[in-house]
file run.pdb (PDB, C-alpha atoms)
ATOM      1  CA  MET M   1     115.090  74.398-150.091
ATOM      2  CA  GLY M   2     112.736  77.228-149.384
ATOM      3  CA  LYS M   3     108.978  77.057-148.837
ATOM      4  CA  PHE M   4     106.549  79.722-149.876
ATOM      5  CA  SER M   5     102.811  80.055-149.635
ATOM      6  CA  LYS M   6     102.235  82.856-152.129
ATOM      7  CA  GLY M   7     105.018  84.048-154.375
ATOM      8  CA  ILE M   8     104.796  87.233-156.393
ATOM      9  CA  LEU M   9     103.433  85.166-159.266
ATOM     10  CA  GLY M  10     101.987  82.336-157.173
ATOM     11  CA  ALA M  11     103.223  78.753-157.137
ATOM     12  CA  PHE M  12     105.246  77.533-160.099
ATOM     13  CA  SER M  13     106.754  74.298-161.298
ATOM     14  CA  GLY M  14     109.979  73.857-163.212
ATOM     15  CA  LEU M  15     113.018  75.979-163.913
ATOM     16  CA  VAL M  16     112.758  79.767-163.816
ATOM     17  CA  GLY M  17     116.126  81.482-164.140
ATOM     18  CA  THR M  18     118.362  80.035-161.454
ATOM     19  CA  VAL M  19     115.606  78.498-159.294
ATOM     20  CA  VAL M  20     113.433  75.381-159.542
ATOM     21  CA  GLY M  21     109.840  75.405-158.289
ATOM     22  CA  ALA M  22     107.988  72.252-157.279
ATOM     23  CA  THR M  23     105.121  70.999-155.159
ATOM     24  CA  TRP M  24     105.777  68.200-152.679
ATOM     25  CA  ARG M  25     102.836  66.763-150.696
ATOM     26  CA  GLY M  26     100.897  69.983-151.212
ATOM     27  CA  ILE M  27     103.778  72.258-150.141
ATOM     28  CA  ASP M  28     105.136  74.720-152.684
ATOM     29  CA  THR M  29     108.941  74.659-152.622
ATOM     30  CA  MET M  30     111.734  76.487-154.348
ATOM     31  CA  ARG M  31     115.404  75.534-154.529
ATOM     32  CA  SER M  32     118.481  76.595-156.408
ATOM     33  CA  ARG M  33     119.233  75.073-159.764
ATOM     34  CA  PRO M  34     121.417  71.982-159.404
ATOM     35  CA  LYS M  35     124.953  72.293-160.733
ATOM     36  CA  LYS M  36     126.419  69.653-162.984
ATOM     37  CA  SER M  37     129.735  68.259-161.868
ATOM     38  CA  ASN M  38     132.591  67.807-164.293
ATOM     39  CA  LYS M  39     134.359  65.409-161.931
ATOM     40  CA  PRO M  40     133.951  61.675-162.484
ATOM     41  CA  PRO M  41     132.063  59.934-159.650
ATOM     42  CA  THR M  42     134.126  58.219-156.958
ATOM     43  CA  ALA M  43     133.829  54.496-156.216
ATOM     44  CA  ALA M  44     131.816  55.309-153.070
ATOM     45  CA  GLN M  45     129.406  57.471-155.093
ATOM     46  CA  MET M  46     128.988  54.723-157.686
ATOM     47  CA  GLU M  47     128.257  52.180-154.937
ATOM     48  CA  THR M  48     125.704  54.485-153.303
ATOM     49  CA  ARG M  49     124.006  55.103-156.649
ATOM     50  CA  LEU M  50     123.778  51.365-157.317
ATOM     51  CA  ARG M  51     122.367  50.709-153.815
ATOM     52  CA  LEU M  52     119.717  53.402-154.303
ATOM     53  CA  GLU M  53     118.853  52.107-157.773
ATOM     54  CA  LEU M  54     118.503  48.499-156.567
ATOM     55  CA  MET M  55     116.279  49.425-153.630
ATOM     56  CA  GLN M  56     114.179  51.845-155.698
ATOM     57  CA  GLU M  57     113.546  49.215-158.368
ATOM     58  CA  PHE M  58     112.678  46.605-155.730
ATOM     59  CA  SER M  59     110.452  48.681-153.452
ATOM     60  CA  MET M  60     108.429  50.821-155.874
ATOM     61  CA  GLU M  61     106.193  47.865-156.782
ATOM     62  CA  ILE M  62     105.075  47.519-153.145
ATOM     63  CA  LYS M  63     104.906  51.193-152.215
ATOM     64  CA  ASP M  64     101.280  50.879-151.041
ATOM     65  CA  LEU M  65     102.181  47.901-148.846
ATOM     66  CA  LEU M  66     105.168  49.752-147.331
ATOM     67  CA  ASP M  67     103.040  52.856-146.706
ATOM     68  CA  VAL M  68     100.712  50.740-144.543
ATOM     69  CA  GLY M  69     103.463  48.693-142.893
ATOM     70  CA  PHE M  70     105.475  51.747-141.823
ATOM     71  CA  GLN M  71     102.619  54.177-141.107
ATOM     72  CA  SER M  72     103.427  54.352-137.391
ATOM     73  CA  HIS M  73     107.207  54.294-137.811
ATOM     74  CA  THR M  74     107.795  57.677-139.404
ATOM     75  CA  THR M  75     109.752  60.501-137.879
ATOM     76  CA  GLY M  76     109.632  63.513-140.167
ATOM     77  CA  MET M  77     109.374  61.405-143.325
ATOM     78  CA  THR M  78     106.791  59.533-145.343
ATOM     79  CA  PRO M  79     106.107  55.870-144.491
ATOM     80  CA  TYR M  80     107.619  54.810-147.833
ATOM     81  CA  ASN M  81     110.786  56.812-147.151
ATOM     82  CA  ALA M  82     111.076  55.255-143.675
ATOM     83  CA  ALA M  83     110.749  51.778-145.223
ATOM     84  CA  PHE M  84     113.207  52.646-147.994
ATOM     85  CA  SER M  85     115.763  53.899-145.466
ATOM     86  CA  GLU M  86     115.374  50.799-143.283
ATOM     87  CA  ASN M  87     115.703  48.427-146.237
ATOM     88  CA  LEU M  88     118.636  50.309-147.714
ATOM     89  CA  GLU M  89     120.560  49.385-144.564
ATOM     90  CA  THR M  90     119.425  45.760-144.179
ATOM     91  CA  GLY M  91     118.138  44.696-147.584
ATOM     92  CA  ILE M  92     121.251  44.837-149.765
ATOM     93  CA  THR M  93     124.157  42.426-149.666
ATOM     94  CA  GLY M  94     127.385  41.837-151.548
ATOM     95  CA  ALA M  95     130.409  43.872-152.517
ATOM     96  CA  TYR M  96     130.266  46.578-155.165
ATOM     97  CA  PRO M  97     129.623  46.086-158.087
ATOM     98  CA  ALA M  98     128.019  42.686-157.333
ATOM     99  CA  LEU M  99     125.294  44.046-155.028
ATOM    100  CA  THR M 100     122.026  42.114-154.731
ATOM    101  CA  ILE M 101     118.836  42.247-152.685
ATOM    102  CA  ASN M 102     119.095  40.443-149.338
ATOM    103  CA  TYR M 103     115.542  39.061-149.194
ATOM    104  CA  ALA M 104     115.934  37.864-145.593
ATOM    105  CA  GLY M 105     116.840  41.422-144.575
ATOM    106  CA  ILE M 106     113.827  43.131-146.186
ATOM    107  CA  VAL M 107     111.385  44.649-143.683
ATOM    108  CA  LEU M 108     107.814  45.161-144.910
ATOM    109  CA  SER M 109     106.357  46.524-141.688
ATOM    110  CA  LYS M 110     107.508  47.875-138.383
ATOM    111  CA  GLY M 111     105.533  48.777-135.315
ATOM    112  CA  SER M 112     104.454  47.712-131.866
ATOM    113  CA  LEU M 113     102.854  44.383-132.798
ATOM    114  CA  ARG M 114     104.656  41.165-131.969
ATOM    115  CA  PRO M 115     106.419  39.589-134.975
ATOM    116  CA  LEU M 116     105.291  36.148-136.123
ATOM    117  CA  ASN M 117     107.364  33.192-134.912
ATOM    118  CA  GLY M 118     107.903  29.846-136.614
ATOM    119  CA  PHE M 119     106.969  31.207-140.029
ATOM    120  CA  GLY M 120     107.112  28.693-142.872
ATOM    121  CA  ALA M 121     105.982  28.292-146.475
ATOM    122  CA  ALA M 122     105.313  25.218-148.584
ATOM    123  CA  SER M 123     104.018  24.557-152.070
ATOM    124  CA  THR M 124     102.749  21.325-153.559
ATOM    125  CA  ASP M 125     100.926  23.042-156.423
ATOM    126  CA  PRO M 126     103.096  25.454-158.514
ATOM    127  CA  ALA M 127     100.376  28.118-158.376
ATOM    128  CA  GLU M 128      99.626  27.937-154.648
ATOM    129  CA  VAL M 129     101.647  28.576-151.498
ATOM    130  CA  THR M 130     100.590  27.597-147.979
ATOM    131  CA  PHE M 131     101.957  29.658-145.105
ATOM    132  CA  SER M 132     102.090  28.687-141.435
ATOM    133  CA  TRP M 133     103.200  30.371-138.236
ATOM    134  CA  ASP M 134     103.017  29.925-134.488
ATOM    135  CA  ASN M 135     100.077  31.519-132.720
ATOM    136  CA  ASN M 136     102.137  33.623-130.329
ATOM    137  CA  THR M 137      99.259  35.712-129.030
ATOM    138  CA  PRO M 138     100.221  36.773-125.508
ATOM    139  CA  PRO M 139      97.739  36.552-122.666
ATOM    140  CA  PRO M 140      96.274  39.986-121.916
ATOM    141  CA  HIS M 141      98.098  41.909-119.216
ATOM    142  CA  PRO M 142      95.691  42.813-116.379
ATOM    143  CA  VAL M 143      96.688  46.485-116.461
ATOM    144  CA  HIS M 144      98.220  47.318-119.833
ATOM    145  CA  GLY M 145      96.557  44.815-122.166
ATOM    146  CA  ALA M 146      98.776  43.400-124.911
ATOM    147  CA  SER M 147     100.383  44.925-127.981
ATOM    148  CA  SER M 148      99.230  41.928-130.017
ATOM    149  CA  SER M 149      95.984  40.008-129.984
ATOM    150  CA  GLY M 150      94.435  37.030-131.700
ATOM    151  CA  THR M 151      92.527  39.355-134.016
ATOM    152  CA  ASP M 152      95.698  40.840-135.525
ATOM    153  CA  VAL M 153      95.697  40.102-139.242
ATOM    154  CA  ILE M 154      98.702  39.244-141.360
ATOM    155  CA  THR M 155      99.624  40.352-144.838
ATOM    156  CA  ILE M 156     101.155  37.787-147.161
ATOM    157  CA  CYS M 157     103.667  38.960-149.760
ATOM    158  CA  VAL M 158     105.418  36.788-152.353
ATOM    159  CA  TYR M 159     108.216  37.946-154.658
ATOM    160  CA  CYS M 160     109.574  36.216-157.759
ATOM    161  CA  PRO M 161     113.152  37.436-158.418
ATOM    162  CA  ALA M 162     113.233  35.923-161.919
ATOM    163  CA  LEU M 163     110.155  37.898-163.011
ATOM    164  CA  LYS M 164     110.735  40.821-160.608
ATOM    165  CA  GLU M 165     107.064  40.625-159.618
ATOM    166  CA  PHE M 166     105.249  40.853-156.293
ATOM    167  CA  SER M 167     101.944  39.381-155.290
ATOM    168  CA  TYR M 168     100.405  40.174-151.924
ATOM    169  CA  VAL M 169      97.185  39.894-149.968
ATOM    170  CA  GLY M 170      96.422  42.336-147.169
ATOM    171  CA  ALA M 171      94.464  41.198-144.099
ATOM    172  CA  ALA M 172      94.812  37.565-145.187
ATOM    173  CA  ALA M 173      94.237  35.746-141.890
ATOM    174  CA  ALA M 174      94.097  36.316-138.149
ATOM    175  CA  ARG M 175      97.154  35.602-136.008
ATOM    176  CA  THR M 176      95.277  32.770-134.266
ATOM    177  CA  ALA M 177      94.572  30.968-137.579
ATOM    178  CA  ALA M 178      98.252  29.894-137.679
ATOM    179  CA  SER M 179      98.054  29.211-141.440
ATOM    180  CA  ASP M 180      96.712  30.523-144.729
ATOM    181  CA  GLY M 181      97.159  29.947-148.422
ATOM    182  CA  MET M 182      97.649  32.140-151.447
ATOM    183  CA  ARG M 183      96.899  31.453-155.086
ATOM    184  CA  LEU M 184      99.579  32.972-157.303
ATOM    185  CA  PRO M 185      98.867  34.699-160.614
ATOM    186  CA  ALA M 186      99.357  32.737-163.823
ATOM    187  CA  GLY M 187     102.991  32.584-164.879
TER     188      GLY M 187
END

call {"tool": "encode", "arguments": {"input": "run.pdb", "output": "structure tokens"}}
result
Amino acid sequence: MGKFSKGILGAFSGLVGTVVGATWRGIDTMRSRPKKSNKPPTAAQMETRLRLELMQEFSMEIKDLLDVGFQSHTTGMTPYNAAFSENLETGITGAYPALTINYAGIVLSKGSLRPLNGFGAASTDPAEVTFSWDNNTPPPHPVHGASSSGTDVITICVYCPALKEFSYVGAAAARTAASDGMRLPAG
């Protein structure tokens, strides 16, 4: 893929002859026209396509959440792409063609903060969930400080596989609160 700042006719989008012009994150790009293959896809290609499709369908609804959760974990890619790549490896289980999302393997954020320990969820009312966790705030190090503090805030995210819907609250509670609740949308 080539980049150009000012072409002979300026930036363009779409197919022109044998090249395709596009703009990605404010960068004008140009690449050769893709060729259609006459060969049927292999089993490995079909599995890869299904994995990509599953993860795309699952993660697009929480793109904003993933962009925040992976903002410091990018190396030459967008936060969403870093999250997508991570979850493609850990968030899918099963053997092709019976692949499914591995909810326990999904990572919503990655960084230098300490993960929560002793996380639990309970619901006595169908429309409300109460979350709890251990307050694992470390004592401050005399020289370096700590990577986590009692003022760290958590984000709560709930997913309903039957409806394929997410509900989340950013900056819900401080780490030291050790619990919080969330009212779920109707239905």

call {"tool": "resolve_selection", "arguments": {"input": "run.pdb", "expression": "the PyMOL selection byres ((chain M and resi 51-53) around 10)", "output": "PyMOL selection string"}}
result
chain M and resi 45-50+54-58+84-85+88-89+91-93+96-97+99-101

call {"tool": "resolve_selection", "arguments": {"input": "run.pdb", "expression": "the PyMOL selection byres ((chain M and resi 30) around 10)", "output": "ChimeraX atom specification"}}
result
/M:1-4,11-15,19-23,27-29,31-33

call {"tool": "closest_residue", "arguments": {"input": "run.pdb", "among": "M:Pro161, M:Pro126, M:Pro185, M:Gly26", "to": "Tyr103 of chain M", "atoms": "only C-alpha atoms"}}
result
M:Pro161

call {"tool": "axis_aligned_box", "arguments": {"input": "run.pdb", "around": "segment 123-128 of chain M", "padding_each_side": "5 Å", "output": "lines of an AutoDock Vina configuration file"}}
result
center_x = 101.8
center_y = 24.7
center_z = -155.3
size_x = 14.4
size_y = 16.8
size_z = 16.4

call {"tool": "atom_distance", "arguments": {"input": "run.pdb", "atom1": "atom CA of Ser123 of chain M", "atom2": "atom CA of Cys157 of chain M"}}
result
14.6 Å

call {"tool": "residues_around", "arguments": {"input": "run.pdb", "residues": "segment 61-68 of chain M", "least_positions_apart": "5", "cutoff": "7 Å", "atoms": "only C-alpha atoms", "output": "compact mmCIF listing (two decimals) with C-alpha atoms, in the coordinates of the input"}}
result
# COMPACT_ATOMS: atom_id res chain seq x y z
CA PRO M 79 106.11 55.87 -144.49
CA TYR M 80 107.62 54.81 -147.83
CA ALA M 83 110.75 51.78 -145.22
CA LEU M 108 107.81 45.16 -144.91
CA SER M 109 106.36 46.52 -141.69

call {"tool": "atom_distance", "arguments": {"input": "run.pdb", "atom1": "atom CA of Gly111 of chain M", "atom2": "atom CA of Cys160 of chain M"}}
result
26.0 Å

call {"tool": "atom_distance", "arguments": {"input": "run.pdb", "atom1": "atom CA of Pro138 of chain M", "atom2": "atom CA of Ala173 of chain M"}}
result
17.5 Å

call {"tool": "resolve_selection", "arguments": {"input": "run.pdb", "expression": "the PyMOL selection byres ((chain M and resi 154) around 9)", "output": "PyMOL selection string"}}
result
chain M and resi 116+152-153+155-156+169-175

call {"tool": "residues_around", "arguments": {"input": "run.pdb", "residues": "Asp125 of chain M", "least_positions_apart": "4", "cutoff": "12 Å", "atoms": "all atoms listed in the file", "output": "VMD selection string"}}
result
chain M and resid 129 to 130 181 to 184

call {"tool": "write_last_selection", "arguments": {"input": "run.pdb", "atoms": "C-alpha atoms", "output": "compact mmCIF listing (two decimals), in the frame of the given file"}}
result
# COMPACT_ATOMS: atom_id res chain seq x y z
CA VAL M 129 101.65 28.58 -151.50
CA THR M 130 100.59 27.60 -147.98
CA GLY M 181 97.16 29.95 -148.42
CA MET M 182 97.65 32.14 -151.45
CA ARG M 183 96.90 31.45 -155.09
CA LEU M 184 99.58 32.97 -157.30

call {"tool": "closest_residue", "arguments": {"input": "run.pdb", "among": "M:Gly17, M:Gly105, M:Ser167, M:Leu113", "to": "Ser72 of chain M", "atoms": "all atoms listed in the file"}}
result
M:Leu113

call {"tool": "build_atoms", "arguments": {"input": "run.pdb", "residues": "segment 19-32 of chain M", "atoms": "N, CA, C and O atoms", "output": "PDB file, in the frame of the given file"}}
result
ATOM      1  N   VAL M  19     116.329  79.241-160.326  1.00  0.00           N
ATOM      2  CA  VAL M  19     115.606  78.498-159.294  1.00  0.00           C
ATOM      3  C   VAL M  19     114.662  77.477-159.920  1.00  0.00           C
ATOM      4  O   VAL M  19     114.222  77.626-161.056  1.00  0.00           O
ATOM      5  N   VAL M  20     114.351  76.434-159.118  1.00  0.00           N
ATOM      6  CA  VAL M  20     113.433  75.381-159.542  1.00  0.00           C
ATOM      7  C   VAL M  20     112.258  75.377-158.573  1.00  0.00           C
ATOM      8  O   VAL M  20     112.446  75.324-157.360  1.00  0.00           O
ATOM      9  N   GLY M  21     111.047  75.453-159.103  1.00  0.00           N
ATOM     10  CA  GLY M  21     109.840  75.405-158.289  1.00  0.00           C
ATOM     11  C   GLY M  21     109.198  74.037-158.397  1.00  0.00           C
ATOM     12  O   GLY M  21     109.216  73.421-159.462  1.00  0.00           O
ATOM     13  N   ALA M  22     108.646  73.554-157.293  1.00  0.00           N
ATOM     14  CA  ALA M  22     107.988  72.252-157.279  1.00  0.00           C
ATOM     15  C   ALA M  22     106.960  72.224-156.162  1.00  0.00           C
ATOM     16  O   ALA M  22     106.965  73.078-155.267  1.00  0.00           O
ATOM     17  N   THR M  23     106.085  71.229-156.221  1.00  0.00           N
ATOM     18  CA  THR M  23     105.121  70.999-155.159  1.00  0.00           C
ATOM     19  C   THR M  23     105.357  69.599-154.634  1.00  0.00           C
ATOM     20  O   THR M  23     105.404  68.643-155.409  1.00  0.00           O
ATOM     21  N   TRP M  24     105.550  69.480-153.322  1.00  0.00           N
ATOM     22  CA  TRP M  24     105.777  68.200-152.679  1.00  0.00           C
ATOM     23  C   TRP M  24     104.765  68.055-151.563  1.00  0.00           C
ATOM     24  O   TRP M  24     104.738  68.849-150.624  1.00  0.00           O
ATOM     25  N   ARG M  25     103.870  67.043-151.693  1.00  0.00           N
ATOM     26  CA  ARG M  25     102.836  66.763-150.696  1.00  0.00           C
ATOM     27  C   ARG M  25     102.019  68.017-150.356  1.00  0.00           C
ATOM     28  O   ARG M  25     101.733  68.310-149.210  1.00  0.00           O
ATOM     29  N   GLY M  26     101.718  68.801-151.386  1.00  0.00           N
ATOM     30  CA  GLY M  26     100.897  69.983-151.212  1.00  0.00           C
ATOM     31  C   GLY M  26     101.644  71.217-150.735  1.00  0.00           C
ATOM     32  O   GLY M  26     101.048  72.256-150.498  1.00  0.00           O
ATOM     33  N   ILE M  27     102.970  71.126-150.592  1.00  0.00           N
ATOM     34  CA  ILE M  27     103.778  72.258-150.141  1.00  0.00           C
ATOM     35  C   ILE M  27     104.545  72.805-151.329  1.00  0.00           C
ATOM     36  O   ILE M  27     105.270  72.067-152.005  1.00  0.00           O
ATOM     37  N   ASP M  28     104.389  74.090-151.603  1.00  0.00           N
ATOM     38  CA  ASP M  28     105.136  74.720-152.684  1.00  0.00           C
ATOM     39  C   ASP M  28     106.565  74.967-152.212  1.00  0.00           C
ATOM     40  O   ASP M  28     106.779  75.550-151.151  1.00  0.00           O
ATOM     41  N   THR M  29     107.527  74.504-152.984  1.00  0.00           N
ATOM     42  CA  THR M  29     108.941  74.659-152.622  1.00  0.00           C
ATOM     43  C   THR M  29     109.714  75.299-153.756  1.00  0.00           C
ATOM     44  O   THR M  29     109.293  75.274-154.921  1.00  0.00           O
ATOM     45  N   MET M  30     110.854  75.850-153.380  1.00  0.00           N
ATOM     46  CA  MET M  30     111.734  76.487-154.348  1.00  0.00           C
ATOM     47  C   MET M  30     113.168  76.211-153.911  1.00  0.00           C
ATOM     48  O   MET M  30     113.492  76.314-152.732  1.00  0.00           O
ATOM     49  N   ARG M  31     114.003  75.807-154.854  1.00  0.00           N
ATOM     50  CA  ARG M  31     115.404  75.534-154.529  1.00  0.00           C
ATOM     51  C   ARG M  31     116.280  76.031-155.665  1.00  0.00           C
ATOM     52  O   ARG M  31     115.805  76.310-156.769  1.00  0.00           O
ATOM     53  N   SER M  32     117.564  76.122-155.375  1.00  0.00           N
ATOM     54  CA  SER M  32     118.481  76.595-156.408  1.00  0.00           C
ATOM     55  C   SER M  32     118.662  75.535-157.483  1.00  0.00           C
ATOM     56  O   SER M  32     118.468  74.337-157.241  1.00  0.00           O
TER      57      SER M  32
END
